[in-house]
file work-v4.pdb (PDB, C-alpha atoms)
ATOM      1  CA  SER A   1      36.723 186.272 -94.029
ATOM      2  CA  GLN A   2      39.413 184.131 -95.627
ATOM      3  CA  GLN A   3      39.781 186.499 -98.514
ATOM      4  CA  GLY A   4      42.740 188.813 -98.808
ATOM      5  CA  GLU A   5      42.787 192.526 -98.868
ATOM      6  CA  GLU A   6      44.510 194.685-101.389
ATOM      7  CA  ASP A   7      45.669 198.218-101.266
ATOM      8  CA  PRO A   8      45.328 200.683-102.608
ATOM      9  CA  GLN A   9      41.737 200.169-103.734
ATOM     10  CA  ALA A  10      42.433 202.447-106.682
ATOM     11  CA  LEU A  11      45.593 203.800-108.267
ATOM     12  CA  SER A  12      46.018 206.338-111.040
ATOM     13  CA  ILE A  13      49.409 206.915-112.686
ATOM     14  CA  GLN A  14      50.917 208.376-115.827
ATOM     15  CA  GLU A  15      52.050 206.140-118.653
ATOM     16  CA  GLY A  16      55.688 205.132-118.150
ATOM     17  CA  GLU A  17      55.509 205.208-114.350
ATOM     18  CA  ASN A  18      55.702 202.134-112.172
ATOM     19  CA  ALA A  19      52.634 200.790-110.358
ATOM     20  CA  THR A  20      52.803 198.908-107.078
ATOM     21  CA  MET A  21      49.900 197.168-105.426
ATOM     22  CA  ASN A  22      49.857 195.108-102.258
ATOM     23  CA  CYS A  23      47.981 192.089-100.993
ATOM     24  CA  SER A  24      47.660 190.837 -97.427
ATOM     25  CA  TYR A  25      46.193 187.525 -96.347
ATOM     26  CA  LYS A  26      45.480 185.717 -93.111
ATOM     27  CA  THR A  27      46.387 182.019 -93.249
ATOM     28  CA  SER A  28      49.113 179.644 -94.423
ATOM     29  CA  ILE A  29      49.351 179.335 -98.175
ATOM     30  CA  ASN A  30      50.762 176.987-100.789
ATOM     31  CA  ASN A  31      50.972 179.703-103.404
ATOM     32  CA  LEU A  32      49.747 183.190-104.233
ATOM     33  CA  GLN A  33      48.580 184.254-107.681
ATOM     34  CA  TRP A  34      47.879 187.554-109.390
ATOM     35  CA  TYR A  35      45.127 188.052-111.962
ATOM     36  CA  ARG A  36      44.065 190.946-114.182
ATOM     37  CA  GLN A  37      40.469 191.765-115.073
ATOM     38  CA  ASN A  38      39.577 194.180-117.811
ATOM     39  CA  SER A  39      36.269 195.946-117.333
ATOM     40  CA  GLY A  40      33.331 193.536-117.447
ATOM     41  CA  ARG A  41      35.441 190.566-118.529
ATOM     42  CA  GLY A  42      36.811 187.363-117.015
ATOM     43  CA  LEU A  43      40.094 187.214-115.144
ATOM     44  CA  VAL A  44      43.435 186.460-116.767
ATOM     45  CA  HIS A  45      46.204 184.751-114.804
ATOM     46  CA  LEU A  46      49.415 186.792-114.607
ATOM     47  CA  ILE A  47      51.849 185.041-112.311
ATOM     48  CA  LEU A  48      52.062 182.422-109.550
ATOM     49  CA  ILE A  49      54.562 182.511-106.690
ATOM     50  CA  ARG A  50      54.983 179.510-104.372
ATOM     51  CA  SER A  51      55.289 179.819-100.603
ATOM     52  CA  ASN A  52      58.997 178.929-100.714
ATOM     53  CA  GLU A  53      59.751 181.665-103.263
ATOM     54  CA  ARG A  54      60.432 185.285-102.379
ATOM     55  CA  GLU A  55      60.463 186.990-105.750
ATOM     56  CA  LYS A  56      59.406 186.208-109.275
ATOM     57  CA  HIS A  57      59.568 188.082-112.585
ATOM     58  CA  SER A  58      57.547 187.853-115.762
ATOM     59  CA  GLY A  59      58.178 190.500-118.399
ATOM     60  CA  ARG A  60      57.330 193.869-116.822
ATOM     61  CA  LEU A  61      55.843 192.195-113.751
ATOM     62  CA  ARG A  62      57.682 191.618-110.504
ATOM     63  CA  VAL A  63      56.024 189.834-107.598
ATOM     64  CA  THR A  64      57.372 189.515-104.075
ATOM     65  CA  LEU A  65      56.092 187.324-101.274
ATOM     66  CA  ASP A  66      56.762 187.687 -97.558
ATOM     67  CA  THR A  67      55.166 184.754 -95.764
ATOM     68  CA  SER A  68      56.233 186.041 -92.334
ATOM     69  CA  LYS A  69      54.175 189.190 -92.915
ATOM     70  CA  LYS A  70      51.536 187.359 -94.966
ATOM     71  CA  SER A  71      51.826 189.870 -97.743
ATOM     72  CA  SER A  72      52.684 190.140-101.415
ATOM     73  CA  SER A  73      53.283 192.979-103.826
ATOM     74  CA  LEU A  74      52.886 193.287-107.578
ATOM     75  CA  LEU A  75      55.052 195.802-109.410
ATOM     76  CA  ILE A  76      54.287 196.748-112.999
ATOM     77  CA  THR A  77      57.185 198.659-114.524
ATOM     78  CA  ALA A  78      56.968 201.181-117.360
ATOM     79  CA  SER A  79      53.175 201.111-117.336
ATOM     80  CA  ARG A  80      51.106 201.440-120.490
ATOM     81  CA  ALA A  81      47.550 202.573-121.082
ATOM     82  CA  ALA A  82      46.712 198.949-121.893
ATOM     83  CA  ASP A  83      47.596 198.005-118.294
ATOM     84  CA  THR A  84      44.442 199.798-117.132
ATOM     85  CA  ALA A  85      42.441 197.073-115.363
ATOM     86  CA  SER A  86      41.605 195.644-111.957
ATOM     87  CA  TYR A  87      44.240 193.430-110.372
ATOM     88  CA  PHE A  88      43.387 190.676-107.894
ATOM     89  CA  CYS A  89      45.555 188.516-105.705
ATOM     90  CA  ALA A  90      44.370 184.987-104.945
ATOM     91  CA  THR A  91      45.706 182.585-102.351
ATOM     92  CA  ASP A  92      45.839 178.806-102.448
ATOM     93  CA  GLN A  93      45.387 178.235 -98.732
ATOM     94  CA  THR A  94      46.658 175.126 -96.993
ATOM     95  CA  GLY A  95      43.871 172.561 -96.698
ATOM     96  CA  ALA A  96      41.478 174.384 -99.005
ATOM     97  CA  ASN A  97      40.172 173.246-102.365
ATOM     98  CA  ASN A  98      39.838 176.595-104.070
ATOM     99  CA  LEU A  99      41.458 180.005-104.400
ATOM    100  CA  PHE A 100      40.491 182.946-102.228
ATOM    101  CA  PHE A 101      40.467 186.234-104.091
ATOM    102  CA  GLY A 102      41.323 189.629-102.681
ATOM    103  CA  THR A 103      39.264 192.784-102.997
ATOM    104  CA  GLY A 104      41.215 194.064-105.999
ATOM    105  CA  THR A 105      43.096 197.207-106.988
ATOM    106  CA  ARG A 106      41.707 199.285-109.834
ATOM    107  CA  LEU A 107      44.642 200.664-111.845
ATOM    108  CA  THR A 108      44.227 203.522-114.306
ATOM    109  CA  VAL A 109      47.164 204.403-116.547
ATOM    110  CA  ILE A 110      46.773 207.828-118.123
ATOM    111  CA  PRO A 111      48.291 208.173-121.617
TER     112      PRO A 111
ATOM    113  CA  GLU B   1      43.000 183.069-124.995
ATOM    114  CA  ALA B   2      41.612 180.426-122.634
ATOM    115  CA  ASP B   3      39.399 177.701-124.073
ATOM    116  CA  ILE B   4      36.508 178.265-121.716
ATOM    117  CA  TYR B   5      33.202 179.616-122.912
ATOM    118  CA  GLN B   6      30.143 181.081-121.290
ATOM    119  CA  THR B   7      26.742 181.795-122.766
ATOM    120  CA  PRO B   8      24.878 184.009-122.802
ATOM    121  CA  ARG B   9      27.180 186.986-122.259
ATOM    122  CA  TYR B  10      24.279 189.200-121.217
ATOM    123  CA  LEU B  11      20.833 188.235-119.963
ATOM    124  CA  VAL B  12      17.935 190.403-118.871
ATOM    125  CA  ILE B  13      14.930 188.536-117.522
ATOM    126  CA  GLY B  14      11.880 189.037-115.373
ATOM    127  CA  THR B  15      11.412 187.871-111.797
ATOM    128  CA  GLY B  16      10.367 184.248-111.401
ATOM    129  CA  LYS B  17      11.916 182.941-114.593
ATOM    130  CA  LYS B  18      14.074 179.819-114.645
ATOM    131  CA  ILE B  19      17.462 180.339-116.239
ATOM    132  CA  THR B  20      20.527 178.258-117.032
ATOM    133  CA  LEU B  21      23.949 179.796-117.515
ATOM    134  CA  GLU B  22      26.180 177.655-119.684
ATOM    135  CA  CYS B  23      29.886 177.030-119.181
ATOM    136  CA  SER B  24      32.099 174.712-121.172
ATOM    137  CA  GLN B  25      35.836 174.134-121.452
ATOM    138  CA  THR B  26      37.942 172.193-123.907
ATOM    139  CA  MET B  27      41.055 171.773-121.780
ATOM    140  CA  GLY B  28      40.003 168.516-120.124
ATOM    141  CA  HIS B  29      40.175 170.069-116.662
ATOM    142  CA  ASP B  30      38.607 168.136-113.806
ATOM    143  CA  LYS B  31      38.139 171.156-111.528
ATOM    144  CA  MET B  32      35.534 173.756-112.385
ATOM    145  CA  TYR B  33      34.179 176.738-110.473
ATOM    146  CA  TRP B  34      31.387 179.323-110.467
ATOM    147  CA  TYR B  35      32.010 182.759-108.964
ATOM    148  CA  GLN B  36      29.639 185.653-108.392
ATOM    149  CA  GLN B  37      31.011 189.167-108.703
ATOM    150  CA  ASP B  38      29.216 192.474-108.217
ATOM    151  CA  PRO B  39      30.670 195.428-110.179
ATOM    152  CA  GLY B  40      34.002 196.539-108.772
ATOM    153  CA  MET B  41      33.923 193.966-106.013
ATOM    154  CA  GLU B  42      35.743 190.756-105.144
ATOM    155  CA  LEU B  43      34.866 187.321-106.446
ATOM    156  CA  HIS B  44      32.825 184.981-104.286
ATOM    157  CA  LEU B  45      32.899 181.243-104.926
ATOM    158  CA  ILE B  46      29.367 179.822-105.114
ATOM    159  CA  HIS B  47      29.943 176.302-106.520
ATOM    160  CA  TYR B  48      32.795 174.035-107.506
ATOM    161  CA  SER B  49      33.279 170.552-108.906
ATOM    162  CA  TYR B  50      35.938 167.878-108.494
ATOM    163  CA  GLY B  51      34.913 166.088-111.643
ATOM    164  CA  VAL B  52      31.982 164.323-113.237
ATOM    165  CA  ASN B  53      29.049 163.804-110.840
ATOM    166  CA  SER B  54      30.706 165.723-107.998
ATOM    167  CA  THR B  55      29.652 169.229-106.985
ATOM    168  CA  GLU B  56      30.059 171.266-103.814
ATOM    169  CA  LYS B  57      28.741 174.571-102.515
ATOM    170  CA  GLY B  58      31.213 177.385-102.166
ATOM    171  CA  ASP B  59      31.757 180.029 -99.535
ATOM    172  CA  LEU B  60      28.886 182.268-100.571
ATOM    173  CA  SER B  61      25.440 180.855-100.099
ATOM    174  CA  SER B  62      23.557 180.793-103.357
ATOM    175  CA  GLU B  63      20.098 179.694-104.420
ATOM    176  CA  SER B  64      21.523 178.408-107.670
ATOM    177  CA  THR B  65      22.300 174.759-108.450
ATOM    178  CA  VAL B  66      24.895 173.153-110.689
ATOM    179  CA  SER B  67      25.441 169.842-112.415
ATOM    180  CA  ARG B  68      28.481 168.078-113.874
ATOM    181  CA  ILE B  69      27.385 165.300-116.176
ATOM    182  CA  ARG B  70      30.288 165.749-118.577
ATOM    183  CA  THR B  71      33.842 166.863-117.857
ATOM    184  CA  GLU B  72      33.639 169.798-120.216
ATOM    185  CA  HIS B  73      30.244 171.149-119.155
ATOM    186  CA  PHE B  74      29.269 172.858-115.862
ATOM    187  CA  PRO B  75      25.911 174.665-116.152
ATOM    188  CA  LEU B  76      24.418 176.802-113.388
ATOM    189  CA  THR B  77      20.648 177.001-112.924
ATOM    190  CA  LEU B  78      18.403 179.440-111.081
ATOM    191  CA  GLU B  79      14.915 177.963-110.664
ATOM    192  CA  SER B  80      13.237 181.276-109.931
ATOM    193  CA  ALA B  81      15.272 184.403-110.588
ATOM    194  CA  ARG B  82      14.935 187.435-108.308
ATOM    195  CA  PRO B  83      16.383 190.978-108.511
ATOM    196  CA  SER B  84      18.874 190.008-105.772
ATOM    197  CA  HIS B  85      20.428 187.574-108.283
ATOM    198  CA  THR B  86      21.511 190.465-110.493
ATOM    199  CA  SER B  87      25.288 190.134-110.782
ATOM    200  CA  GLN B  88      28.093 188.891-112.981
ATOM    201  CA  TYR B  89      28.698 185.142-112.970
ATOM    202  CA  LEU B  90      32.160 183.875-113.843
ATOM    203  CA  CYS B  91      33.036 180.284-114.676
ATOM    204  CA  ALA B  92      36.585 178.957-114.322
ATOM    205  CA  SER B  93      38.514 175.707-114.551
ATOM    206  CA  SER B  94      41.880 174.338-113.458
ATOM    207  CA  ALA B  95      43.856 171.151-113.854
ATOM    208  CA  LEU B  96      44.568 170.785-110.143
ATOM    209  CA  TRP B  97      43.440 172.389-106.873
ATOM    210  CA  GLY B  98      45.421 175.542-106.285
ATOM    211  CA  ASP B  99      46.615 175.755-109.873
ATOM    212  CA  GLU B 100      46.185 178.656-112.234
ATOM    213  CA  GLN B 101      42.492 179.076-113.033
ATOM    214  CA  PHE B 102      41.249 179.838-116.527
ATOM    215  CA  PHE B 103      38.211 182.088-116.656
ATOM    216  CA  GLY B 104      35.404 182.469-119.126
ATOM    217  CA  PRO B 105      34.253 185.951-120.213
ATOM    218  CA  GLY B 106      31.371 185.955-117.744
ATOM    219  CA  THR B 107      27.594 186.288-117.919
ATOM    220  CA  ARG B 108      26.100 189.565-116.769
ATOM    221  CA  LEU B 109      22.629 188.802-115.399
ATOM    222  CA  THR B 110      19.989 191.415-114.715
ATOM    223  CA  VAL B 111      16.718 190.373-113.121
ATOM    224  CA  LEU B 112      13.961 192.958-113.329
TER     225      LEU B 112
END
call {"tool": "encode", "arguments": {"input": "work-v4.pdb", "output": "structure tokens"}}
result
Amino acid sequence: SQQGEEDPQALSIQEGENATMNCSYKTSINNLQWYRQNSGRGLVHLILIRSNEREKHSGRLRVTLDTSKKSSSLLITASRAADTASYFCATDQTGANNLFFGTGTRLTVIP
Amino acid sequence: EADIYQTPRYLVIGTGKKITLECSQTMGHDKMYWYQQDPGMELHLIHYSYGVNSTEKGDLSSESTVSRIRTEHFPLTLESARPSHTSQYLCASSALWGDEQFFGPGTRLTVL
């Protein structure tokens, strides 16, 4: 499969704590993206990191990319109940014409 | 909020019926996509389009067909629905390959 894998599959934390989820992939990429999906809805783009970048920030989100290990992590700081959702990584693989989505991490933030 | 729309949001139909899931976007994007997603699972690409009059099958084999007669419209059709088609169908678009994709709210299809 060309799709990535994420871990953990599920994560439950208290409001205010930080949440970290990881994504591993198998091939060369142009960029890696993170998306959020609220239950039963479409996906919303969060952040894009290019293959020549190592870290990127957007508000409470911090994304790192290690192309040598073919892995990325998404850190959500000071989590809120509204952050409860599934989070997917997606890779723009070299030579491909579409994104390949990971298996997702289901995050629950307990108020 | 992305300017990409899907109708219907929910559909329950009997086996053997022909259905069309509608998807339209107002962003002028050339690239459009259909994904299939079972609850709690990853997305699987079933169709995509480069632009008007160009469509391709995705990674997951699907009995559905698509058409792209207008830039903004990318409908998906099932000629004869079966219970195995029960799933959520997500439509998306992007300006370029590999760019951020904008997703519609999805259509949840149940075939009895």
call {"tool": "interface_residues", "arguments": {"input": "work-v4.pdb", "of": "chain B", "to": "chain A", "cutoff": "12 Å", "atoms": "all atoms listed in the file", "output": "PDB file with C-alpha atoms, keeping the file's coordinate frame"}}
result
ATOM      1  CA  GLU B   1      43.000 183.069-124.995  1.00  0.00           C
ATOM      2  CA  ALA B   2      41.612 180.426-122.634  1.00  0.00           C
ATOM      3  CA  ILE B   4      36.508 178.265-121.716  1.00  0.00           C
ATOM      4  CA  TYR B   5      33.202 179.616-122.912  1.00  0.00           C
ATOM      5  CA  GLN B   6      30.143 181.081-121.290  1.00  0.00           C
ATOM      6  CA  ARG B   9      27.180 186.986-122.259  1.00  0.00           C
ATOM      7  CA  TYR B  10      24.279 189.200-121.217  1.00  0.00           C
ATOM      8  CA  LYS B  31      38.139 171.156-111.528  1.00  0.00           C
ATOM      9  CA  MET B  32      35.534 173.756-112.385  1.00  0.00           C
ATOM     10  CA  TYR B  33      34.179 176.738-110.473  1.00  0.00           C
ATOM     11  CA  TRP B  34      31.387 179.323-110.467  1.00  0.00           C
ATOM     12  CA  TYR B  35      32.010 182.759-108.964  1.00  0.00           C
ATOM     13  CA  GLN B  36      29.639 185.653-108.392  1.00  0.00           C
ATOM     14  CA  GLN B  37      31.011 189.167-108.703  1.00  0.00           C
ATOM     15  CA  ASP B  38      29.216 192.474-108.217  1.00  0.00           C
ATOM     16  CA  PRO B  39      30.670 195.428-110.179  1.00  0.00           C
ATOM     17  CA  GLY B  40      34.002 196.539-108.772  1.00  0.00           C
ATOM     18  CA  MET B  41      33.923 193.966-106.013  1.00  0.00           C
ATOM     19  CA  GLU B  42      35.743 190.756-105.144  1.00  0.00           C
ATOM     20  CA  LEU B  43      34.866 187.321-106.446  1.00  0.00           C
ATOM     21  CA  HIS B  44      32.825 184.981-104.286  1.00  0.00           C
ATOM     22  CA  LEU B  45      32.899 181.243-104.926  1.00  0.00           C
ATOM     23  CA  ILE B  46      29.367 179.822-105.114  1.00  0.00           C
ATOM     24  CA  HIS B  47      29.943 176.302-106.520  1.00  0.00           C
ATOM     25  CA  TYR B  48      32.795 174.035-107.506  1.00  0.00           C
ATOM     26  CA  SER B  49      33.279 170.552-108.906  1.00  0.00           C
ATOM     27  CA  TYR B  50      35.938 167.878-108.494  1.00  0.00           C
ATOM     28  CA  GLU B  56      30.059 171.266-103.814  1.00  0.00           C
ATOM     29  CA  LYS B  57      28.741 174.571-102.515  1.00  0.00           C
ATOM     30  CA  GLY B  58      31.213 177.385-102.166  1.00  0.00           C
ATOM     31  CA  ASP B  59      31.757 180.029 -99.535  1.00  0.00           C
ATOM     32  CA  LEU B  60      28.886 182.268-100.571  1.00  0.00           C
ATOM     33  CA  SER B  87      25.288 190.134-110.782  1.00  0.00           C
ATOM     34  CA  GLN B  88      28.093 188.891-112.981  1.00  0.00           C
ATOM     35  CA  TYR B  89      28.698 185.142-112.970  1.00  0.00           C
ATOM     36  CA  LEU B  90      32.160 183.875-113.843  1.00  0.00           C
ATOM     37  CA  CYS B  91      33.036 180.284-114.676  1.00  0.00           C
ATOM     38  CA  ALA B  92      36.585 178.957-114.322  1.00  0.00           C
ATOM     39  CA  SER B  93      38.514 175.707-114.551  1.00  0.00           C
ATOM     40  CA  SER B  94      41.880 174.338-113.458  1.00  0.00           C
ATOM     41  CA  ALA B  95      43.856 171.151-113.854  1.00  0.00           C
ATOM     42  CA  LEU B  96      44.568 170.785-110.143  1.00  0.00           C
ATOM     43  CA  TRP B  97      43.440 172.389-106.873  1.00  0.00           C
ATOM     44  CA  GLY B  98      45.421 175.542-106.285  1.00  0.00           C
ATOM     45  CA  ASP B  99      46.615 175.755-109.873  1.00  0.00           C
ATOM     46  CA  GLU B 100      46.185 178.656-112.234  1.00  0.00           C
ATOM     47  CA  GLN B 101      42.492 179.076-113.033  1.00  0.00           C
ATOM     48  CA  PHE B 102      41.249 179.838-116.527  1.00  0.00           C
ATOM     49  CA  PHE B 103      38.211 182.088-116.656  1.00  0.00           C
ATOM     50  CA  GLY B 104      35.404 182.469-119.126  1.00  0.00           C
ATOM     51  CA  PRO B 105      34.253 185.951-120.213  1.00  0.00           C
ATOM     52  CA  GLY B 106      31.371 185.955-117.744  1.00  0.00           C
ATOM     53  CA  THR B 107      27.594 186.288-117.919  1.00  0.00           C
ATOM     54  CA  ARG B 108      26.100 189.565-116.769  1.00  0.00           C
ATOM     55  CA  LEU B 109      22.629 188.802-115.399  1.00  0.00           C
TER      56      LEU B 109
END
call {"tool": "axis_aligned_box", "arguments": {"input": "work-v4.pdb", "around": "stretch 6-21 of chain A", "padding_each_side": "5 Å", "output": "lines of an AutoDock Vina configuration file"}}
result
center_x = 48.7
center_y = 201.5
center_z = -110.0
size_x = 24.0
size_y = 23.7
size_z = 27.4
call {"tool": "resolve_selection", "arguments": {"input": "work-v4.pdb", "expression": "the PyMOL selection byres ((chain B and resi 86) around 7)", "output": "list in words"}}
result
Pro83, Ser84, His85, Ser87, Leu109, Thr110 and Val111 of chain B
call {"tool": "resolve_selection", "arguments": {"input": "work-v4.pdb", "expression": "the PyMOL selection byres ((chain B and resi 64) around 6)", "output": "PyMOL selection string"}}
result
chain B and resi 62-63+65+77-78
call {"tool": "atom_distance", "arguments": {"input": "work-v4.pdb", "atom1": "atom CA of B:Phe74", "atom2": "atom CA of A:Cys89"}}
result
24.8 Å
call {"tool": "residues_near_point", "arguments": {"input": "work-v4.pdb", "point": "(46.9, 202.8, -111.4)", "cutoff": "8 Å", "atoms": "only C-alpha atoms", "output": "list in words"}}
result
Ala10, Leu11, Ser12, Ile13, Ala19, Thr84, Arg106, Leu107, Thr108 and Val109 of chain A
call {"tool": "residues_around", "arguments": {"input": "work-v4.pdb", "residues": "A:Cys23", "least_positions_apart": "3", "cutoff": "6 Å", "atoms": "all atoms listed in the file", "output": "PyMOL selection string"}}
result
chain A and resi 5-6+71-72
call {"tool": "resolve_selection", "arguments": {"input": "work-v4.pdb", "expression": "the PyMOL selection byres ((chain A and resi 80) around 10)", "output": "ChimeraX atom specification"}}
result
/A:13-18,76-79,81-84,108-111
call {"tool": "residues_around", "arguments": {"input": "work-v4.pdb", "residues": "B:Gly14", "least_positions_apart": "4", "cutoff": "8 Å", "atoms": "all atoms listed in the file", "output": "VMD selection string"}}
result
chain B and resid 81 to 82 111 to 112
call {"tool": "write_last_selection", "arguments": {"input": "work-v4.pdb", "atoms": "C-alpha atoms", "output": "PDB file, keeping the file's coordinate frame"}}
result
ATOM      1  CA  ALA B  81      15.272 184.403-110.588  1.00  0.00           C
ATOM      2  CA  ARG B  82      14.935 187.435-108.308  1.00  0.00           C
ATOM      3  CA  VAL B 111      16.718 190.373-113.121  1.00  0.00           C
ATOM      4  CA  LEU B 112      13.961 192.958-113.329  1.00  0.00           C
TER       5      LEU B 112
END
call {"tool": "closest_residue", "arguments": {"input": "work-v4.pdb", "among": "B:Pro8, B:Leu76, B:Gly51, B:Val66", "to": "B:Thr20", "atoms": "only C-alpha atoms"}}
result
B:Leu76
call {"tool": "atom_distance", "arguments": {"input": "work-v4.pdb", "atom1": "atom CA of B:Val52", "atom2": "atom CA of B:Thr71"}}
result
5.6 Å
call {"tool": "decode", "arguments": {"input": "work-v4.pdb", "residues": "stretch 103-111 of chain B", "atoms": "all heavy atoms", "output": "PDB file, in the first residue's frame"}}
result
ATOM      1  N   PHE B 103     -12.497  19.798   0.640  1.00  0.00           N
ATOM      2  CA  PHE B 103     -13.459  18.711   0.673  1.00  0.00           C
ATOM      3  C   PHE B 103     -14.891  19.214   0.846  1.00  0.00           C
ATOM      4  O   PHE B 103     -15.145  20.188   1.555  1.00  0.00           O
ATOM      5  CB  PHE B 103     -13.151  17.759   1.833  1.00  0.00           C
ATOM      6  CG  PHE B 103     -12.019  16.821   1.547  1.00  0.00           C
ATOM      7  CD1 PHE B 103     -10.709  17.238   1.658  1.00  0.00           C
ATOM      8  CD2 PHE B 103     -12.265  15.512   1.149  1.00  0.00           C
ATOM      9  CE1 PHE B 103      -9.653  16.367   1.373  1.00  0.00           C
ATOM     10  CE2 PHE B 103     -11.230  14.634   0.872  1.00  0.00           C
ATOM     11  CZ  PHE B 103      -9.921  15.072   0.982  1.00  0.00           C
ATOM     12  N   GLY B 104     -15.804  18.499   0.207  1.00  0.00           N
ATOM     13  CA  GLY B 104     -17.213  18.696   0.482  1.00  0.00           C
ATOM     14  C   GLY B 104     -17.599  17.984   1.769  1.00  0.00           C
ATOM     15  O   GLY B 104     -16.783  17.274   2.361  1.00  0.00           O
ATOM     16  N   PRO B 105     -18.851  18.136   2.214  1.00  0.00           N
ATOM     17  CA  PRO B 105     -19.289  17.540   3.480  1.00  0.00           C
ATOM     18  C   PRO B 105     -19.532  16.040   3.395  1.00  0.00           C
ATOM     19  O   PRO B 105     -19.683  15.389   4.427  1.00  0.00           O
ATOM     20  CB  PRO B 105     -20.594  18.274   3.771  1.00  0.00           C
ATOM     21  CG  PRO B 105     -21.099  18.667   2.419  1.00  0.00           C
ATOM     22  CD  PRO B 105     -19.893  18.972   1.600  1.00  0.00           C
ATOM     23  N   GLY B 106     -19.551  15.493   2.192  1.00  0.00           N
ATOM     24  CA  GLY B 106     -19.734  14.055   2.041  1.00  0.00           C
ATOM     25  C   GLY B 106     -21.178  13.645   1.812  1.00  0.00           C
ATOM     26  O   GLY B 106     -22.110  14.363   2.189  1.00  0.00           O
ATOM     27  N   THR B 107     -21.337  12.471   1.191  1.00  0.00           N
ATOM     28  CA  THR B 107     -22.649  11.830   1.064  1.00  0.00           C
ATOM     29  C   THR B 107     -22.547  10.469   1.728  1.00  0.00           C
ATOM     30  O   THR B 107     -21.697   9.656   1.362  1.00  0.00           O
ATOM     31  CB  THR B 107     -23.048  11.637  -0.411  1.00  0.00           C
ATOM     32  OG1 THR B 107     -23.268  12.896  -1.021  1.00  0.00           O
ATOM     33  CG2 THR B 107     -24.325  10.790  -0.514  1.00  0.00           C
ATOM     34  N   ARG B 108     -23.423  10.238   2.700  1.00  0.00           N
ATOM     35  CA  ARG B 108     -23.447   8.931   3.356  1.00  0.00           C
ATOM     36  C   ARG B 108     -24.511   8.074   2.671  1.00  0.00           C
ATOM     37  O   ARG B 108     -25.697   8.377   2.754  1.00  0.00           O
ATOM     38  CB  ARG B 108     -23.739   9.071   4.841  1.00  0.00           C
ATOM     39  CG  ARG B 108     -23.585   7.755   5.595  1.00  0.00           C
ATOM     40  CD  ARG B 108     -23.656   7.964   7.099  1.00  0.00           C
ATOM     41  NE  ARG B 108     -22.565   8.777   7.612  1.00  0.00           N
ATOM     42  CZ  ARG B 108     -21.327   8.342   7.828  1.00  0.00           C
ATOM     43  NH1 ARG B 108     -21.016   7.084   7.566  1.00  0.00           N
ATOM     44  NH2 ARG B 108     -20.418   9.147   8.313  1.00  0.00           N
ATOM     45  N   LEU B 109     -24.060   7.040   1.989  1.00  0.00           N
ATOM     46  CA  LEU B 109     -24.943   6.170   1.201  1.00  0.00           C
ATOM     47  C   LEU B 109     -25.163   4.857   1.916  1.00  0.00           C
ATOM     48  O   LEU B 109     -24.201   4.218   2.353  1.00  0.00           O
ATOM     49  CB  LEU B 109     -24.310   5.912  -0.168  1.00  0.00           C
ATOM     50  CG  LEU B 109     -25.012   4.879  -1.060  1.00  0.00           C
ATOM     51  CD1 LEU B 109     -26.388   5.384  -1.465  1.00  0.00           C
ATOM     52  CD2 LEU B 109     -24.168   4.551  -2.283  1.00  0.00           C
ATOM     53  N   THR B 110     -26.421   4.481   2.028  1.00  0.00           N
ATOM     54  CA  THR B 110     -26.791   3.171   2.566  1.00  0.00           C
ATOM     55  C   THR B 110     -27.637   2.458   1.529  1.00  0.00           C
ATOM     56  O   THR B 110     -28.657   2.996   1.085  1.00  0.00           O
ATOM     57  CB  THR B 110     -27.594   3.304   3.876  1.00  0.00           C
ATOM     58  OG1 THR B 110     -26.800   4.028   4.825  1.00  0.00           O
ATOM     59  CG2 THR B 110     -27.937   1.937   4.448  1.00  0.00           C
ATOM     60  N   VAL B 111     -27.206   1.274   1.156  1.00  0.00           N
ATOM     61  CA  VAL B 111     -27.951   0.468   0.185  1.00  0.00           C
ATOM     62  C   VAL B 111     -28.502  -0.753   0.914  1.00  0.00           C
ATOM     63  O   VAL B 111     -27.752  -1.548   1.481  1.00  0.00           O
ATOM     64  CB  VAL B 111     -27.061   0.026  -0.990  1.00  0.00           C
ATOM     65  CG1 VAL B 111     -27.898  -0.735  -2.023  1.00  0.00           C
ATOM     66  CG2 VAL B 111     -26.389   1.225  -1.626  1.00  0.00           C
TER      67      VAL B 111
END
